[in-house]
Amino acid sequence: MFINSSQTLATEVHYLETTKPEGAIKIFEPRKLNHEYSVDHLGNMFYIRTNADSASNFKLMKTPEGNTASKNWTVVLPHRSDVLFENFELFDNYLVAEERIKGLTNLRIISKKDQGEHYLDFGEETYMAGISINPEPGTDVLRYSYSSLTTPNSVIDYNMATKEKKIMKEEEVLGGFDKTNYESKRLWAKAADGTMVPVSVVYRKGFLQDGKAPLLLYAYGAYGYSTDAGFRSAALSLIDRGFVFALAHVRGGSEMGRFWYEDGKLLKKINTFSDFNDCAQFLVNEKYTSPGKLFAMGGSAGGLLMGAIVNMRPDLYNGVIAAVPFVDIVSTMLDETIPLTTFEWDEWGDPRKKEYYDYMLSYSPYDQVKAVGYPNILVTTGYWDSQVQYWEPAKWVAKLRDMKTDENVLVMDVNMSAGHGGASGRFERYRITALEYTFIINLAGIKE
Amino acid sequence: MKRTSYIFTLLFAALMVACSTQPALKPPVAEKIPHEVFDKRVDNYFWMRLSDEQKNDSIPDEQTKKVLKYLNDENAYTSEVLKKTEVLQKKVYDEIVGRIKKDDSSVPYFKNGYYYYNKFSEGNEYPVYYRKKGSMDGVEEILLDVNKLAEGKEFCSVAGLSVSRDNRLLAYGVDYISRRQYTVYFFDLEKKFSFLIKLRIQLVR
């Protein structure tokens, strides 16, 4: 049994032999700043995914039982500067590595017998794939998950010896869904500093690239979490009405490797916001849409992104949906009584230090509200939210109302019984999605 | 005659105003109470912040009442402004939910002698977790019915189901108030009784 404790930049793992539950819980490797690691066990070996020794994209190491200290670790899969090593699975005969290369997840199968290796081919331009549940190491069958903007969530069993794939399940999408009616693509938008940012788009076949289509651009861009181009059945309600649905894989996520995250946090956080605006401008220039038909959406740290982009480019968007938005960043990060504050100084910066204070204040959405015309804005929040407290969006809305010079719609939906994740039921949770989508469908001038 | 046309002009002007001023309902205006925060920044809306103690108090104080009134006013304004889209909202909601298979089950996986899977049934918001011993032809054993846990609750999130190595104990975390702080419960699958240990788990934004 492993007990993991982690913070933005450090981890510590403790373990206990489950055959000796009365035994002592031992420390695997004491925490050190900037050392992140995770551990698995097979046979008499521990395997460690670690960023030790400047392996910023992570590497795989191993060590025998009883010698868990890092000085005993030996390299299994070395660090590579262009490949982010994200996850692994141990089998008796195989080692499977989940690797992110140029924004996409890949599954690499390595035979323990002859070290022969191969990658799985998924056959689509943009997609989402990952190791699924594989509790038994004594098999040659890898279970993985797969989906794309056009392929519903699937569970696939892959025989690593015979290379045969067996689709165990593909999520059934009711209501006449036919994947051949849709097309998805991966594009590259050039950011102001020359960086190429991936953008995934999906639309109905027959879409005309003439700048007349409405488009919803979504992004998150924080904590190194990648926004993958997985299937979203709810978005069909937009796509079937003629919308292009797009994902901006902005810096702050890890799509292009660990550096992608490092370049979108702390004193480089503004890259996240400018990347989003640059992706939006690119989609306008390429005639996927036009400013009068362009909509943006993000939640939580992605809600901070929404607050920042409307201050930077209030002219670019028709409408913006900011869900549970983290918009009062300077005041929250100064307040140590708020649950996540001290925990997250490594992500946003510690504003008690002047350099960080000045930088964070320069983009803080609440502090930077100006007397200008803003797009139509829908804000959502939950009264019980502990990750982003309701007063951040509430104060932001009040200040926007007071200062904005436009006649556009500005509304806030406060769920008085829910927190950060909204409603918990599988149907009930879509009430808010329906409200959000209808908000922009209506603004796009679509009647039904 | 002159008078009637004057009234018509007035009516017409009023209609014009009503059409051009959108939204028709006035948005709530939040009171400004200057409050100095770090580095002499002035926050006019600092008063909107309530402590957990204030929120949980059975008798709300004046500030809590004021904040709740403001939030409820915002909700009322939102409903009013979006009223014209209510029919479409319902339609979009029905479309989205209509795409979800009502009776659905996960692909079973094999672990330590058992096949584990979960099922959703028609009309249920939450899954039921099951296992079968040895093969999928075995007897179905209910591990946990989340619908039962969620009865009478506005929110219910279950996480981290885990079975002990001897296959006898089930552990799972439940969050009833959506603050992502889970209480871990244990259930004895043989003797059918449960006990709990409080643990706090906090997730990021």
# chains A, B, ... in the order shown; residues from 1 in each chain; ligands from 1

$ residues_around --residues "B:Ser51" --least-positions-apart "2" --cutoff "12 Å" --atoms "only C-alpha atoms" --output "list in words"
Thr337, Ile338, Pro339, Tyr383, Trp384, Ser386, Gln389, Tyr390 and Trp391 of chain A; Phe46, Trp47, Met48, Arg49, Glu53, Gln54, Lys55, Asn56, Asp57, Pro60, Asp61, Gln63, Thr64 and Val67 of chain B

$ interface_residues --of "chain B" --to "chain A" --cutoff "8 Å" --atoms "only C-alpha atoms" --output "CSV table (one decimal) with N, CA and C atoms, in the first residue's frame"
chain,number,residue,atom,x,y,z
B,22,GLN,N,-31.8,47.0,-23.1
B,22,GLN,CA,-31.8,45.6,-22.9
B,22,GLN,C,-30.7,45.3,-21.9
B,23,PRO,N,-30.9,44.6,-20.8
B,23,PRO,CA,-32.1,44.0,-20.4
B,23,PRO,C,-33.1,44.9,-19.7
B,29,VAL,N,-27.6,46.5,-7.8
B,29,VAL,CA,-26.5,47.4,-7.6
B,29,VAL,C,-25.9,47.1,-6.2
B,30,ALA,N,-24.6,46.7,-6.2
B,30,ALA,CA,-24.0,46.3,-4.9
B,30,ALA,C,-23.5,47.6,-4.3
B,37,VAL,N,-7.1,47.0,1.6
B,37,VAL,CA,-6.4,45.7,1.7
B,37,VAL,C,-4.9,46.0,1.4
B,38,PHE,N,-4.2,45.0,1.5
B,38,PHE,CA,-2.7,45.0,1.3
B,38,PHE,C,-2.3,46.1,0.3
B,45,TYR,N,-15.9,46.0,-2.4
B,45,TYR,CA,-16.9,44.9,-2.2
B,45,TYR,C,-16.4,43.8,-1.3
B,46,PHE,N,-15.4,44.2,-0.5
B,46,PHE,CA,-14.9,43.2,0.5
B,46,PHE,C,-16.0,42.7,1.4
B,48,MET,N,-18.6,41.4,0.8
B,48,MET,CA,-19.3,40.2,0.2
B,48,MET,C,-18.7,38.9,0.8
B,49,ARG,N,-17.6,39.0,1.4
B,49,ARG,CA,-16.9,37.8,1.9
B,49,ARG,C,-17.4,37.4,3.3
B,71,LEU,N,-26.8,37.9,-3.5
B,71,LEU,CA,-26.6,36.7,-4.3
B,71,LEU,C,-28.0,36.3,-4.9
B,72,ASN,N,-29.0,36.3,-4.1
B,72,ASN,CA,-30.4,36.0,-4.5
B,72,ASN,C,-30.9,37.0,-5.6
B,74,GLU,N,-29.0,38.6,-7.6
B,74,GLU,CA,-28.3,38.3,-8.9
B,74,GLU,C,-29.0,37.2,-9.6
B,75,ASN,N,-29.3,36.1,-8.8
B,75,ASN,CA,-30.0,35.0,-9.4
B,75,ASN,C,-31.3,35.4,-10.0
B,77,TYR,N,-32.2,38.3,-11.1
B,77,TYR,CA,-31.9,39.1,-12.3
B,77,TYR,C,-31.5,38.2,-13.5
B,78,THR,N,-30.7,37.2,-13.2
B,78,THR,CA,-30.2,36.2,-14.2
B,78,THR,C,-31.4,35.5,-14.8
B,81,VAL,N,-33.4,37.9,-17.1
B,81,VAL,CA,-32.7,38.3,-18.3
B,81,VAL,C,-32.7,37.1,-19.3
B,82,LEU,N,-32.6,35.8,-18.7
B,82,LEU,CA,-32.5,34.6,-19.5
B,82,LEU,C,-33.8,34.0,-19.7
B,85,THR,N,-34.9,32.7,-23.0
B,85,THR,CA,-34.2,31.5,-23.5
B,85,THR,C,-34.6,30.2,-22.8
B,88,LEU,N,-35.5,27.2,-25.0
B,88,LEU,CA,-34.3,26.7,-25.6
B,88,LEU,C,-33.4,26.0,-24.6
B,89,GLN,N,-33.3,26.5,-23.4
B,89,GLN,CA,-32.5,25.9,-22.4
B,89,GLN,C,-33.0,24.4,-22.1
B,90,LYS,N,-34.4,24.3,-22.0
B,90,LYS,CA,-35.0,23.0,-21.8
B,90,LYS,C,-34.7,22.1,-22.9
B,92,VAL,N,-32.2,22.2,-25.1
B,92,VAL,CA,-30.7,21.9,-25.1
B,92,VAL,C,-30.5,20.8,-24.0
B,93,TYR,N,-31.1,21.0,-22.8
B,93,TYR,CA,-30.9,20.1,-21.7
B,93,TYR,C,-31.4,18.7,-22.1
B,95,GLU,N,-31.7,17.5,-25.1
B,95,GLU,CA,-30.8,16.9,-26.1
B,95,GLU,C,-29.6,16.3,-25.4
B,96,ILE,N,-29.0,17.1,-24.5
B,96,ILE,CA,-27.7,16.6,-23.9
B,96,ILE,C,-28.0,15.3,-23.1
B,97,VAL,N,-29.0,15.3,-22.3
B,97,VAL,CA,-29.4,14.2,-21.5
B,97,VAL,C,-29.9,13.0,-22.3
B,98,GLY,N,-30.5,13.4,-23.4
B,98,GLY,CA,-31.1,12.4,-24.4
B,98,GLY,C,-30.0,11.6,-25.1
B,99,ARG,N,-28.8,12.1,-25.1
B,99,ARG,CA,-27.7,11.4,-25.7
B,99,ARG,C,-27.0,10.3,-24.8
B,100,ILE,N,-27.4,10.4,-23.5
B,100,ILE,CA,-26.8,9.5,-22.5
B,100,ILE,C,-27.6,8.3,-22.4
B,101,LYS,N,-26.9,7.1,-22.5
B,101,LYS,CA,-27.6,5.9,-22.4
B,101,LYS,C,-28.1,5.7,-20.9
B,107,VAL,N,-17.1,-1.7,-18.3
B,107,VAL,CA,-16.4,-2.9,-18.7
B,107,VAL,C,-15.8,-3.5,-17.4
B,109,TYR,N,-13.5,-5.3,-14.8
B,109,TYR,CA,-12.0,-5.7,-14.7
B,109,TYR,C,-11.8,-6.7,-13.6
B,110,PHE,N,-10.8,-7.5,-13.8
B,110,PHE,CA,-10.5,-8.6,-12.9
B,110,PHE,C,-9.4,-8.2,-11.9
B,111,LYS,N,-9.7,-8.4,-10.6
B,111,LYS,CA,-8.7,-8.1,-9.6
B,111,LYS,C,-8.8,-9.0,-8.4
B,112,ASN,N,-7.7,-9.7,-8.2
B,112,ASN,CA,-7.6,-10.6,-7.0
B,112,ASN,C,-8.8,-11.5,-6.8
B,125,GLU,N,-29.5,8.9,-10.9
B,125,GLU,CA,-28.5,9.9,-11.1
B,125,GLU,C,-27.1,9.3,-10.9
B,126,TYR,N,-27.0,8.2,-10.0
B,126,TYR,CA,-25.7,7.7,-9.6
B,126,TYR,C,-25.6,6.2,-9.9
B,154,GLU,N,-28.6,17.0,-1.4
B,154,GLU,CA,-28.6,17.8,-2.6
B,154,GLU,C,-27.3,17.5,-3.4
B,155,PHE,N,-26.3,17.0,-2.7
B,155,PHE,CA,-25.0,16.7,-3.4
B,155,PHE,C,-24.5,15.4,-2.8
B,156,CYS,N,-23.8,14.6,-3.7
B,156,CYS,CA,-23.2,13.4,-3.2
B,156,CYS,C,-22.1,13.0,-4.2
B,157,SER,N,-20.9,13.0,-3.7
B,157,SER,CA,-19.8,12.5,-4.6
B,157,SER,C,-19.0,11.4,-3.9
B,165,ARG,N,-7.0,-6.5,0.6
B,165,ARG,CA,-6.4,-7.7,0.0
B,165,ARG,C,-7.1,-9.0,0.3
B,177,ILE,N,-21.1,17.8,0.8
B,177,ILE,CA,-21.4,19.3,0.7
B,177,ILE,C,-20.6,19.9,-0.4
B,178,SER,N,-20.0,19.1,-1.3
B,178,SER,CA,-19.2,19.6,-2.4
B,178,SER,C,-18.1,20.5,-2.1
B,179,ARG,N,-17.4,20.2,-0.9
B,179,ARG,CA,-16.2,21.0,-0.6
B,179,ARG,C,-15.0,20.2,-0.9
B,180,ARG,N,-15.1,19.0,-1.5
B,180,ARG,CA,-14.1,18.1,-1.9
B,180,ARG,C,-13.2,17.7,-0.6
B,203,LEU,N,-8.6,19.1,-2.8
B,203,LEU,CA,-8.1,19.1,-4.2
B,203,LEU,C,-7.9,20.5,-4.7
B,204,VAL,N,-7.2,20.6,-5.8
B,204,VAL,CA,-6.8,22.0,-6.3
B,204,VAL,C,-7.9,22.6,-7.2
B,205,ARG,N,-7.7,23.8,-7.7
B,205,ARG,CA,-8.7,24.6,-8.4
B,205,ARG,C,-9.0,23.9,-9.8

$ residues_around --residues "B:Gly160" --least-positions-apart "6" --cutoff "10 Å" --atoms "only C-alpha atoms" --output "list in words"
Ala171, Tyr172, Gly173, Val174, Tyr182 and Val184 of chain B

$ residues_around --residues "A:Thr272" --least-positions-apart "5" --cutoff "12 Å" --atoms "only C-alpha atoms" --output "PyMOL selection string"
chain A and resi 191-192+195+197+219-224+248-254+260-267+277-279+301-306+308-309+363

$ residues_around --residues "A:Asp406" --least-positions-apart "5" --cutoff "9 Å" --atoms "only C-alpha atoms" --output "mmCIF file with C-alpha atoms, in the first residue's frame"
data_model
loop_
_atom_site.group_PDB
_atom_site.id
_atom_site.type_symbol
_atom_site.label_atom_id
_atom_site.label_comp_id
_atom_site.auth_asym_id
_atom_site.auth_seq_id
_atom_site.Cartn_x
_atom_site.Cartn_y
_atom_site.Cartn_z
ATOM 1 C CA VAL A 372 -14.408 50.006 -21.355
ATOM 2 C CA GLY A 373 -16.956 48.025 -23.314
ATOM 3 C CA TYR A 374 -16.888 44.325 -22.378
ATOM 4 C CA PRO A 375 -18.351 41.321 -24.241
#

$ residues_around --residues "B:Asn118" --least-positions-apart "3" --cutoff "9 Å" --atoms "only C-alpha atoms" --output "PyMOL selection string"
chain B and resi 104-108+127-131

$ write_last_selection --atoms "C-alpha atoms" --output "tab-separated table (two decimals), in the first residue's frame"
chain	number	residue	atom	x	y	z
B	104	ASP	CA	-25.30	1.58	-18.88
B	105	SER	CA	-22.54	-0.48	-17.35
B	106	SER	CA	-18.76	-0.33	-17.26
B	107	VAL	CA	-16.40	-2.93	-18.71
B	108	PRO	CA	-15.65	-5.36	-15.84
B	127	PRO	CA	-24.08	4.34	-10.20
B	128	VAL	CA	-24.30	1.06	-8.27
B	129	TYR	CA	-20.99	-0.79	-7.80
B	130	TYR	CA	-20.87	-4.59	-8.05
B	131	ARG	CA	-18.50	-7.54	-8.14

$ select_by_dssp --residues "stretch 91-285 of chain A" --states "strand (DSSP E or B)" --output "PyMOL selection string"
chain A and resi 94-101+104-111+117-119+128-131+141-147+154-159+164-170+173+182-190+196-204+215-218+244-248+251+253

$ select_by_dssp --residues "stretch 7-141 of chain B" --states "alpha helix (DSSP H)" --output "ChimeraX atom specification"
/B:7-20,52-56,62-81,86-98

$ closest_atom_pairs --of "stretch 93-207 of chain A" --to "stretch 25-44 of chain A" --cutoff "12 Å" --atoms "only C-alpha atoms" --output "JSON lines"
{"residue": "A:Asn93", "atom": "CA", "partner": "A:Leu42", "partner_atom": "CA", "distance": 11.2}
{"residue": "A:Tyr94", "atom": "CA", "partner": "A:Leu42", "partner_atom": "CA", "distance": 11.5}
{"residue": "A:Leu95", "atom": "CA", "partner": "A:Leu42", "partner_atom": "CA", "distance": 10.9}
{"residue": "A:Pro135", "atom": "CA", "partner": "A:Leu42", "partner_atom": "CA", "distance": 11.2}
{"residue": "A:Glu136", "atom": "CA", "partner": "A:Leu42", "partner_atom": "CA", "distance": 10.4}
{"residue": "A:Pro137", "atom": "CA", "partner": "A:Leu42", "partner_atom": "CA", "distance": 8.0}
{"residue": "A:Gly138", "atom": "CA", "partner": "A:Leu42", "partner_atom": "CA", "distance": 10.5}

$ closest_residue --among "B:Asn124, B:Leu189, B:Gly134, B:Leu170" --to "B:Ala150" --atoms "only C-alpha atoms"
B:Asn124
